[in-house]
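Containing TSV, C-alpha atoms and all ligand atoms: input.tsv.
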chain	number	residue	atom	x	y	z
A	26	MET	CA	7.68	-47.83	54.59
A	27	LEU	CA	5.89	-44.97	52.78
A	28	ASN	CA	6.74	-44.31	49.15
A	29	ASP	CA	6.61	-40.81	47.62
A	30	VAL	CA	3.09	-41.29	46.29
A	31	ASN	CA	1.76	-42.14	49.75
A	32	ARG	CA	3.47	-39.10	51.27
A	33	VAL	CA	1.54	-36.65	49.12
A	34	GLN	CA	-1.85	-38.33	49.40
A	35	ALA	CA	-4.51	-36.35	51.20
A	36	TRP	CA	-7.05	-37.48	53.77
A	37	PHE	CA	-10.47	-36.31	54.82
A	38	SER	CA	-10.74	-36.80	58.58
A	39	GLU	CA	-13.45	-36.50	61.16
A	40	ILE	CA	-12.08	-35.50	64.54
A	41	TYR	CA	-14.28	-37.00	67.21
A	42	GLY	CA	-12.95	-36.05	70.63
A	43	ASP	CA	-9.60	-37.81	70.86
A	44	ILE	CA	-10.27	-40.01	67.84
A	45	ALA	CA	-9.64	-39.22	64.16
A	46	LEU	CA	-11.38	-41.24	61.47
A	47	GLY	CA	-9.63	-40.82	58.10
A	48	PHE	CA	-10.64	-41.51	54.52
A	49	ARG	CA	-8.25	-41.24	51.60
A	50	LEU	CA	-9.41	-38.20	49.64
A	51	VAL	CA	-10.03	-38.12	45.89
A	52	ALA	CA	-11.52	-34.63	45.59
A	53	VAL	CA	-13.48	-31.94	47.41
A	54	LEU	CA	-16.73	-31.65	45.44
A	55	ASP	CA	-18.69	-29.02	47.35
A	56	GLN	CA	-18.26	-26.69	50.31
A	57	VAL	CA	-21.07	-24.50	51.63
A	58	GLU	CA	-21.46	-22.31	54.69
A	59	SER	CA	-25.23	-22.32	55.22
A	60	ALA	CA	-27.07	-20.18	57.73
A	61	PHE	CA	-26.79	-23.07	60.21
A	62	GLN	CA	-23.70	-25.13	59.52
A	63	SER	CA	-20.76	-25.99	57.33
A	64	ILE	CA	-21.63	-28.57	54.65
A	65	VAL	CA	-18.95	-30.46	52.71
A	66	VAL	CA	-19.10	-33.18	50.06
A	67	VAL	CA	-15.87	-35.07	49.39
A	68	ASP	CA	-15.09	-37.99	47.14
A	69	THR	CA	-13.05	-40.68	48.93
A	70	LEU	CA	-11.39	-43.91	47.83
A	71	PRO	CA	-12.93	-46.28	50.37
A	72	TYR	CA	-16.52	-45.00	50.64
A	73	GLY	CA	-17.18	-42.89	47.54
A	74	LYS	CA	-18.89	-39.56	48.18
A	75	ILE	CA	-19.21	-38.49	51.80
A	76	LEU	CA	-21.46	-35.75	53.15
A	77	ALA	CA	-20.07	-34.06	56.27
A	78	ILE	CA	-21.73	-31.41	58.41
A	79	ASP	CA	-19.60	-29.35	60.77
A	80	GLY	CA	-16.80	-31.86	60.19
A	81	CYS	CA	-18.90	-34.95	61.09
A	82	VAL	CA	-19.67	-37.65	58.54
A	83	MET	CA	-23.40	-37.82	57.94
A	84	THR	CA	-23.55	-40.34	55.15
A	85	SER	CA	-21.47	-42.04	52.49
A	86	GLU	CA	-22.43	-43.57	49.16
A	87	ARG	CA	-21.15	-47.02	50.13
A	88	ASP	CA	-22.49	-47.54	53.63
A	89	GLU	CA	-25.52	-45.19	53.82
A	90	PHE	CA	-27.91	-48.13	53.50
A	91	VAL	CA	-26.94	-49.46	56.93
A	92	TYR	CA	-27.92	-46.34	58.85
A	93	HIS	CA	-31.07	-45.60	56.85
A	94	GLU	CA	-32.40	-49.16	56.89
A	95	MET	CA	-31.70	-49.57	60.59
A	96	LEU	CA	-33.20	-46.22	61.59
A	97	VAL	CA	-36.45	-47.14	59.84
A	98	HIS	CA	-37.23	-50.84	59.61
A	99	PRO	CA	-37.09	-52.19	63.18
A	100	ALA	CA	-39.80	-49.66	64.13
A	101	LEU	CA	-41.96	-49.72	61.00
A	102	VAL	CA	-41.92	-53.51	60.81
A	103	ALA	CA	-42.97	-53.71	64.47
A	104	HIS	CA	-45.85	-51.22	64.05
A	105	SER	CA	-48.88	-53.05	62.64
A	106	ASN	CA	-50.05	-50.24	60.33
A	107	PRO	CA	-47.70	-47.23	60.00
A	108	GLU	CA	-49.70	-44.90	57.74
A	109	SER	CA	-48.40	-41.51	58.77
A	110	VAL	CA	-44.65	-41.02	59.32
A	111	CYS	CA	-42.67	-37.94	60.37
A	112	ILE	CA	-38.91	-37.62	59.89
A	113	ILE	CA	-37.10	-34.95	61.89
A	114	GLY	CA	-33.94	-33.97	60.00
A	115	GLY	CA	-33.38	-36.44	57.18
A	116	GLY	CA	-32.47	-33.76	54.62
A	117	ASP	CA	-30.45	-36.21	52.50
A	118	GLY	CA	-33.61	-38.21	51.74
A	119	GLY	CA	-32.23	-41.65	52.68
A	120	THR	CA	-34.63	-42.18	55.57
A	121	ALA	CA	-37.66	-41.22	53.45
A	122	ARG	CA	-36.49	-43.67	50.78
A	123	GLU	CA	-36.57	-46.51	53.32
A	124	VAL	CA	-39.94	-45.44	54.78
A	125	LEU	CA	-41.43	-45.64	51.28
A	126	LYS	CA	-40.62	-49.37	51.18
A	127	HIS	CA	-43.51	-49.93	53.61
A	128	PRO	CA	-46.77	-50.46	51.72
A	129	ASP	CA	-48.94	-49.21	54.64
A	130	VAL	CA	-47.36	-45.74	54.51
A	131	LYS	CA	-49.70	-43.08	53.09
A	132	SER	CA	-47.84	-39.91	54.05
A	133	VAL	CA	-44.29	-38.97	54.99
A	134	VAL	CA	-43.37	-35.51	56.21
A	135	VAL	CA	-39.68	-34.60	56.42
A	136	ALA	CA	-38.93	-31.59	58.66
A	137	GLU	CA	-35.38	-30.54	57.71
A	138	LEU	CA	-33.82	-27.41	59.17
A	139	ASP	CA	-31.44	-26.58	56.36
A	140	ALA	CA	-32.52	-26.18	52.70
A	141	GLU	CA	-28.85	-26.25	51.70
A	142	VAL	CA	-28.55	-29.87	52.88
A	143	VAL	CA	-31.41	-30.84	50.56
A	144	ARG	CA	-29.91	-28.88	47.66
A	145	VAL	CA	-26.43	-30.38	48.07
A	146	CYS	CA	-27.82	-33.93	48.42
A	147	THR	CA	-30.09	-33.53	45.41
A	148	GLU	CA	-26.98	-32.72	43.39
A	149	HIS	CA	-24.52	-35.25	44.84
A	150	PHE	CA	-26.63	-38.06	46.34
A	151	PRO	CA	-29.53	-38.66	43.92
A	152	ALA	CA	-29.98	-42.24	45.18
A	153	LEU	CA	-31.06	-40.73	48.52
A	154	ALA	CA	-32.62	-37.36	47.65
A	155	GLY	CA	-34.63	-38.93	44.81
A	156	SER	CA	-37.20	-39.83	47.50
A	157	PHE	CA	-38.23	-36.15	47.67
A	158	SER	CA	-39.84	-36.39	44.25
A	159	ASN	CA	-42.22	-39.12	45.44
A	160	PRO	CA	-45.69	-37.53	45.88
A	161	THR	CA	-46.14	-39.31	49.25
A	162	VAL	CA	-43.27	-37.24	50.67
A	163	ASN	CA	-43.86	-33.70	51.92
A	164	LEU	CA	-40.62	-31.80	52.57
A	165	VAL	CA	-40.95	-28.97	55.09
A	166	ILE	CA	-37.95	-26.69	55.59
A	167	GLY	CA	-37.88	-25.58	59.20
A	168	ASP	CA	-36.92	-26.39	62.74
A	169	GLY	CA	-38.00	-29.92	63.70
A	170	PHE	CA	-38.59	-29.00	67.35
A	171	GLU	CA	-40.87	-26.10	66.35
A	172	PHE	CA	-42.59	-28.29	63.76
A	173	LEU	CA	-43.60	-30.86	66.37
A	174	LYS	CA	-44.86	-28.21	68.83
A	175	ASN	CA	-48.26	-27.90	67.12
A	176	LYS	CA	-48.76	-31.57	66.44
A	177	GLN	CA	-51.10	-33.68	68.55
A	178	SER	CA	-51.72	-37.40	67.82
A	179	ALA	CA	-50.61	-36.85	64.23
A	180	PHE	CA	-48.14	-39.63	63.41
A	181	ASP	CA	-47.82	-43.41	63.72
A	182	ALA	CA	-44.05	-43.12	63.68
A	183	ILE	CA	-41.56	-40.33	64.30
A	184	LEU	CA	-37.94	-40.92	63.26
A	185	SER	CA	-35.24	-38.55	64.45
A	186	ASP	CA	-32.55	-38.55	61.74
A	187	SER	CA	-30.48	-35.88	63.39
A	188	ILE	CA	-26.95	-34.59	63.45
A	189	ASP	CA	-24.87	-35.20	66.59
A	190	PRO	CA	-26.00	-33.76	69.95
A	191	ALA	CA	-24.19	-30.42	69.60
A	192	GLY	CA	-25.18	-27.05	68.12
A	193	PRO	CA	-28.56	-27.11	66.35
A	194	GLY	CA	-28.86	-30.88	67.00
A	195	GLU	CA	-28.58	-30.74	70.79
A	196	ILE	CA	-32.25	-30.07	71.50
A	197	LEU	CA	-33.25	-33.24	69.61
A	198	PHE	CA	-31.74	-35.31	72.42
A	199	SER	CA	-33.52	-33.44	75.25
A	200	GLY	CA	-36.38	-34.48	77.54
A	201	GLU	CA	-38.32	-31.47	76.20
A	202	PHE	CA	-38.13	-32.85	72.66
A	203	PHE	CA	-39.14	-36.36	73.72
A	204	LYS	CA	-42.20	-34.87	75.44
A	205	LEU	CA	-43.23	-33.21	72.16
A	206	VAL	CA	-42.69	-36.50	70.36
A	207	LYS	CA	-44.99	-38.26	72.80
A	208	HIS	CA	-47.79	-35.73	72.15
A	209	ALA	CA	-47.32	-35.85	68.39
A	210	LEU	CA	-47.61	-39.64	68.24
A	211	ARG	CA	-50.94	-41.37	67.75
A	212	SER	CA	-51.92	-44.06	70.21
A	213	GLY	CA	-49.83	-47.13	69.36
A	214	GLY	CA	-47.12	-44.93	67.83
A	215	VAL	CA	-43.42	-45.56	67.80
A	216	PHE	CA	-40.38	-43.26	68.02
A	217	VAL	CA	-36.76	-43.89	67.00
A	218	THR	CA	-33.72	-41.70	67.39
A	219	GLN	CA	-30.10	-42.24	66.42
A	220	SER	CA	-28.17	-42.08	69.67
A	221	GLY	CA	-24.46	-42.28	68.96
A	222	PRO	CA	-21.76	-44.83	69.72
A	223	PHE	CA	-21.86	-46.69	73.03
A	224	TRP	CA	-18.06	-46.56	73.25
A	225	ASN	CA	-17.78	-42.77	73.52
A	226	GLN	CA	-21.28	-41.49	74.16
A	227	LEU	CA	-22.59	-43.84	76.81
A	228	ASP	CA	-23.67	-40.87	78.95
A	229	THR	CA	-25.76	-39.42	76.11
A	230	LEU	CA	-27.29	-42.82	75.47
A	231	ARG	CA	-28.14	-43.26	79.13
A	232	THR	CA	-29.57	-39.75	79.49
A	233	CYS	CA	-31.80	-40.20	76.42
A	234	TRP	CA	-32.84	-43.59	77.72
A	235	LEU	CA	-33.86	-42.12	81.07
A	236	HIS	CA	-35.79	-39.23	79.43
A	237	LEU	CA	-37.61	-41.59	77.09
A	238	SER	CA	-38.45	-43.92	79.95
A	239	GLU	CA	-40.32	-41.03	81.61
A	240	HIS	CA	-42.72	-40.93	78.65
A	241	PHE	CA	-42.86	-44.42	77.16
A	242	ARG	CA	-43.53	-47.92	78.47
A	243	PHE	CA	-41.04	-49.66	76.19
A	244	VAL	CA	-37.58	-48.21	75.51
A	245	ARG	CA	-35.22	-50.47	73.59
A	246	CYS	CA	-31.62	-49.94	72.48
A	247	TYR	CA	-30.16	-51.52	69.36
A	248	SER	CA	-27.05	-51.03	67.25
A	249	ALA	CA	-25.69	-51.39	63.74
A	250	SER	CA	-22.23	-51.59	62.21
A	251	ILE	CA	-21.53	-48.31	60.38
A	252	PRO	CA	-17.87	-48.06	59.33
A	253	THR	CA	-17.91	-44.34	58.45
A	254	TYR	CA	-19.16	-43.27	61.92
A	255	PRO	CA	-16.68	-42.96	64.81
A	256	THR	CA	-16.01	-46.36	66.48
A	257	GLY	CA	-17.98	-48.13	63.74
A	258	THR	CA	-20.87	-49.14	66.01
A	259	TRP	CA	-23.87	-46.85	66.20
A	260	CYS	CA	-26.84	-47.02	68.57
A	261	PHE	CA	-30.53	-46.26	68.17
A	262	LEU	CA	-33.26	-45.93	70.79
A	263	LEU	CA	-36.79	-47.09	70.02
A	264	ALA	CA	-39.65	-46.00	72.30
A	265	SER	CA	-43.35	-46.80	72.38
A	266	ASP	CA	-46.21	-47.44	74.77
A	267	THR	CA	-47.53	-50.41	72.86
A	268	VAL	CA	-44.95	-51.59	70.35
A	269	ASP	CA	-42.25	-53.86	71.68
A	270	PRO	CA	-40.04	-54.41	68.62
A	271	MET	CA	-38.62	-57.65	70.03
A	272	ALA	CA	-42.00	-59.23	70.76
A	273	GLU	CA	-43.90	-61.29	68.22
A	274	VAL	CA	-43.38	-59.22	65.11
A	275	ASP	CA	-45.24	-60.58	62.06
A	276	PRO	CA	-42.73	-62.80	60.20
A	277	VAL	CA	-44.27	-61.89	56.84
A	278	ARG	CA	-43.73	-58.16	57.42
A	279	ARG	CA	-40.14	-58.86	58.49
A	280	LYS	CA	-39.39	-61.02	55.46
A	281	ASN	CA	-41.04	-58.68	52.96
A	282	ILE	CA	-38.94	-55.73	54.08
A	283	ALA	CA	-35.77	-57.79	54.46
A	284	ALA	CA	-36.13	-58.86	50.82
A	285	ARG	CA	-35.68	-55.20	49.82
A	286	CYS	CA	-32.72	-54.48	52.13
A	287	ARG	CA	-28.96	-54.91	52.04
A	288	TYR	CA	-28.31	-54.82	55.82
A	289	TYR	CA	-31.61	-55.47	57.66
A	290	THR	CA	-32.58	-59.13	57.76
A	291	GLU	CA	-35.61	-60.69	59.45
A	292	PHE	CA	-33.22	-61.77	62.25
A	293	HIS	CA	-32.13	-58.20	63.05
A	294	GLN	CA	-35.55	-57.64	64.64
A	295	GLN	CA	-34.11	-59.63	67.56
A	296	ALA	CA	-30.35	-59.73	67.03
A	297	ALA	CA	-29.74	-55.97	66.69
A	298	PHE	CA	-31.26	-55.47	70.15
A	299	VAL	CA	-28.71	-57.68	71.89
A	300	MET	CA	-26.42	-55.19	73.63
A	301	PRO	CA	-23.08	-55.84	75.36
A	302	ALA	CA	-23.27	-56.45	79.12
A	303	PHE	CA	-21.61	-53.12	80.02
A	304	VAL	CA	-24.16	-51.18	77.94
A	305	LYS	CA	-27.06	-53.12	79.50
A	306	GLU	CA	-25.66	-52.33	82.91
A	307	ALA	CA	-25.32	-48.61	82.12
A	308	LEU	CA	-28.94	-48.48	80.99
A	309	SER	CA	-30.30	-50.66	83.77
A	310	ALA	CA	-31.11	-47.74	86.09
A	311	ALA	CA	-34.01	-46.89	83.77
A	312	SER	CA	-37.53	-48.22	84.05
A	313	SER	CA	-37.67	-50.86	81.28
A	314	SER	CA	-35.08	-53.49	80.52
A	315	PRO	CA	-32.39	-52.63	77.88
B	1	LIG	N1	-22.03	-38.84	63.68
B	1	LIG	C1	-22.96	-38.93	62.65
B	1	LIG	C2	-24.37	-39.13	63.06
B	1	LIG	C3	-25.24	-38.79	61.94
B	1	LIG	C4	-26.58	-39.30	62.04
B	1	LIG	N2	-27.44	-38.74	61.05
B	1	LIG	C5	-27.00	-38.88	59.74
B	1	LIG	C6	-27.97	-38.38	58.75
B	1	LIG	C7	-28.05	-39.32	57.62
B	1	LIG	N3	-29.34	-39.31	57.04

What do you get writing this file as structure tokens?
Amino acid sequence: MLNDVNRVQAWFSEIYGDIALGFRLVAVLDQVESAFQSIVVVDTLPYGKILAIDGCVMTSERDEFVYHEMLVHPALVAHSNPESVCIIGGGDGGTAREVLKHPDVKSVVVAELDAEVVRVCTEHFPALAGSFSNPTVNLVIGDGFEFLKNKQSAFDAILSDSIDPAGPGEILFSGEFFKLVKHALRSGGVFVTQSGPFWNQLDTLRTCWLHLSEHFRFVRCYSASIPTYPTGTWCFLLASDTVDPMAEVDPVRRKNIAARCRYYTEFHQQAAFVMPAFVKEALSAASSSP
């Protein structure tokens, strides 16, 4: 039974289709209408500060490490020498922070659409946005799709740290975008994109899989447990012509990175890629095995 205190407590909720994911609210810390989207920072009891864009949770202080480690490390550990890395989106800085853990990396460019995201994260999420002050990181404010248009064989790894596939984020899940990615990658390069939950976005996952399979020899799906994202299980797609992340990946590289992580372990290089049978089946129409 609810007591009076519980009755007046407020919640921050993400509405995701027919699902609502709620967090007990402590305070609203920031609210901005940028030229592109609505940006909110709230403080919550279970996950500390949360950044939400257009009502969707992007990151939280307490579980951000899962998403950022898992977007970056399976690909960069598998690549034998990732010197030049491009992040599309990534305006909170968390992905760049993880990329910088790789000693081979000589340059990181972050192409973020919205300067307001960077400003808000610099103020409220210094543990993430602090990466922008590293001299290896070059922050470019502009459209990621346009940014990649002029790039030919420029990067060893491209990481799409996007918002959900709606509004300004939609194009980052298109076949057109994946074609640009292919041209912008050096030979031996690797691409990763966040690709939503398999429970509610299996169609998006499958469509991205099929598009990527048109351009890359290996397309692999993996997942991570992210409690602040709808359904709690989030997928990623990794694509490359030469890098199979599940093949013999140097155990020393795996261990060295795992030693600096809180979620990624050397075993995730295999285990994270084990997908449930129904997801495997949904992806099986594509050209390489899920
Ligand atoms: N539904 C949320 C998906 C958000 C993925 N990108 C988050 C950006 C964090 N760097």

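Note that CA of Met95 in chain A and CA of Ile282 in chain A are 11.5 Å apart.
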
Set the cut-off to 10 Å, count all atoms listed in the file, and list whatever residues fall near ligand LIG 1 (chain B) as a ChimeraX atom specification. /A:39,41,76-78,80-85,89-90,92-93,96,114-121,153,185-190,194,218-222,251,253-255,259-260

Can I get the selected residues back with C-alpha atoms, as a PDB file, in the frame of the given file?
ATOM      1  CA  GLU A  39     -13.450 -36.500  61.160  1.00  0.00           C
ATOM      2  CA  TYR A  41     -14.280 -37.000  67.210  1.00  0.00           C
ATOM      3  CA  LEU A  76     -21.460 -35.750  53.150  1.00  0.00           C
ATOM      4  CA  ALA A  77     -20.070 -34.060  56.270  1.00  0.00           C
ATOM      5  CA  ILE A  78     -21.730 -31.410  58.410  1.00  0.00           C
ATOM      6  CA  GLY A  80     -16.800 -31.860  60.190  1.00  0.00           C
ATOM      7  CA  CYS A  81     -18.900 -34.950  61.090  1.00  0.00           C
ATOM      8  CA  VAL A  82     -19.670 -37.650  58.540  1.00  0.00           C
ATOM      9  CA  MET A  83     -23.400 -37.820  57.940  1.00  0.00           C
ATOM     10  CA  THR A  84     -23.550 -40.340  55.150  1.00  0.00           C
ATOM     11  CA  SER A  85     -21.470 -42.040  52.490  1.00  0.00           C
ATOM     12  CA  GLU A  89     -25.520 -45.190  53.820  1.00  0.00           C
ATOM     13  CA  PHE A  90     -27.910 -48.130  53.500  1.00  0.00           C
ATOM     14  CA  TYR A  92     -27.920 -46.340  58.850  1.00  0.00           C
ATOM     15  CA  HIS A  93     -31.070 -45.600  56.850  1.00  0.00           C
ATOM     16  CA  LEU A  96     -33.200 -46.220  61.590  1.00  0.00           C
ATOM     17  CA  GLY A 114     -33.940 -33.970  60.000  1.00  0.00           C
ATOM     18  CA  GLY A 115     -33.380 -36.440  57.180  1.00  0.00           C
ATOM     19  CA  GLY A 116     -32.470 -33.760  54.620  1.00  0.00           C
ATOM     20  CA  ASP A 117     -30.450 -36.210  52.500  1.00  0.00           C
ATOM     21  CA  GLY A 118     -33.610 -38.210  51.740  1.00  0.00           C
ATOM     22  CA  GLY A 119     -32.230 -41.650  52.680  1.00  0.00           C
ATOM     23  CA  THR A 120     -34.630 -42.180  55.570  1.00  0.00           C
ATOM     24  CA  ALA A 121     -37.660 -41.220  53.450  1.00  0.00           C
ATOM     25  CA  LEU A 153     -31.060 -40.730  48.520  1.00  0.00           C
ATOM     26  CA  SER A 185     -35.240 -38.550  64.450  1.00  0.00           C
ATOM     27  CA  ASP A 186     -32.550 -38.550  61.740  1.00  0.00           C
ATOM     28  CA  SER A 187     -30.480 -35.880  63.390  1.00  0.00           C
ATOM     29  CA  ILE A 188     -26.950 -34.590  63.450  1.00  0.00           C
ATOM     30  CA  ASP A 189     -24.870 -35.200  66.590  1.00  0.00           C
ATOM     31  CA  PRO A 190     -26.000 -33.760  69.950  1.00  0.00           C
ATOM     32  CA  GLY A 194     -28.860 -30.880  67.000  1.00  0.00           C
ATOM     33  CA  THR A 218     -33.720 -41.700  67.390  1.00  0.00           C
ATOM     34  CA  GLN A 219     -30.100 -42.240  66.420  1.00  0.00           C
ATOM     35  CA  SER A 220     -28.170 -42.080  69.670  1.00  0.00           C
ATOM     36  CA  GLY A 221     -24.460 -42.280  68.960  1.00  0.00           C
ATOM     37  CA  PRO A 222     -21.760 -44.830  69.720  1.00  0.00           C
ATOM     38  CA  ILE A 251     -21.530 -48.310  60.380  1.00  0.00           C
ATOM     39  CA  THR A 253     -17.910 -44.340  58.450  1.00  0.00           C
ATOM     40  CA  TYR A 254     -19.160 -43.270  61.920  1.00  0.00           C
ATOM     41  CA  PRO A 255     -16.680 -42.960  64.810  1.00  0.00           C
ATOM     42  CA  TRP A 259     -23.870 -46.850  66.200  1.00  0.00           C
ATOM     43  CA  CYS A 260     -26.840 -47.020  68.570  1.00  0.00           C
TER      44      CYS A 260
END

Closest to Thr69 in chain A among A:Ala179, A:Leu263, A:Val51, A:Leu308, using all atoms listed in the file? A:Val51

Two-atom distance - CA of Asp55 in chain A, CA of Val145 in chain A (Å): 7.9 Å

Find the nearest atom pair between each residue of range 149-250 of chain A and range 126-133 of chain A for residues within 9 Å, count all atoms listed in the file, give distances in Å to one decimal, sort rows by chain and ascending number, and present the table as a tab-separated table.
residue	atom	partner	partner_atom	distance
A:Pro160	CA	A:Ser132	CA	8.8
A:Thr161	CA	A:Ser132	CA	5.1
A:Val162	CA	A:Val133	CA	4.8
A:Asn163	CA	A:Val133	CA	6.1
A:Leu164	CA	A:Val133	CA	8.4

Between CA of Asp269 in chain A and CA of Tyr289 in chain A, what is the distance in Å, rounded to a tenth? 17.7 Å

For Glu86 in chain A, which residue among A:Leu125, A:Leu70, A:Ile44, A:Ile166 is the nearest when counting only C-alpha atoms? A:Leu70

Would you pick out the contacts of Asp275 in chain A at 9 Å or less, using all atoms listed in the file, so that residues sharing its chain but fewer than 3 positions from it are not included, and give the list as number ranges by chain? A: 102-103, 105, 278-280

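With distances restricted to all atoms listed in the file, A:Asn106 is the closest residue to Gly214 in chain A from A:Asn159, A:Ser309, A:Ser38, A:Asn106.
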
Given the choices A:Ala45, A:Ala284, A:Ile64, A:Val110, which gets closest to Asp79 in chain A if the distance is worked out from all atoms listed in the file? A:Ile64
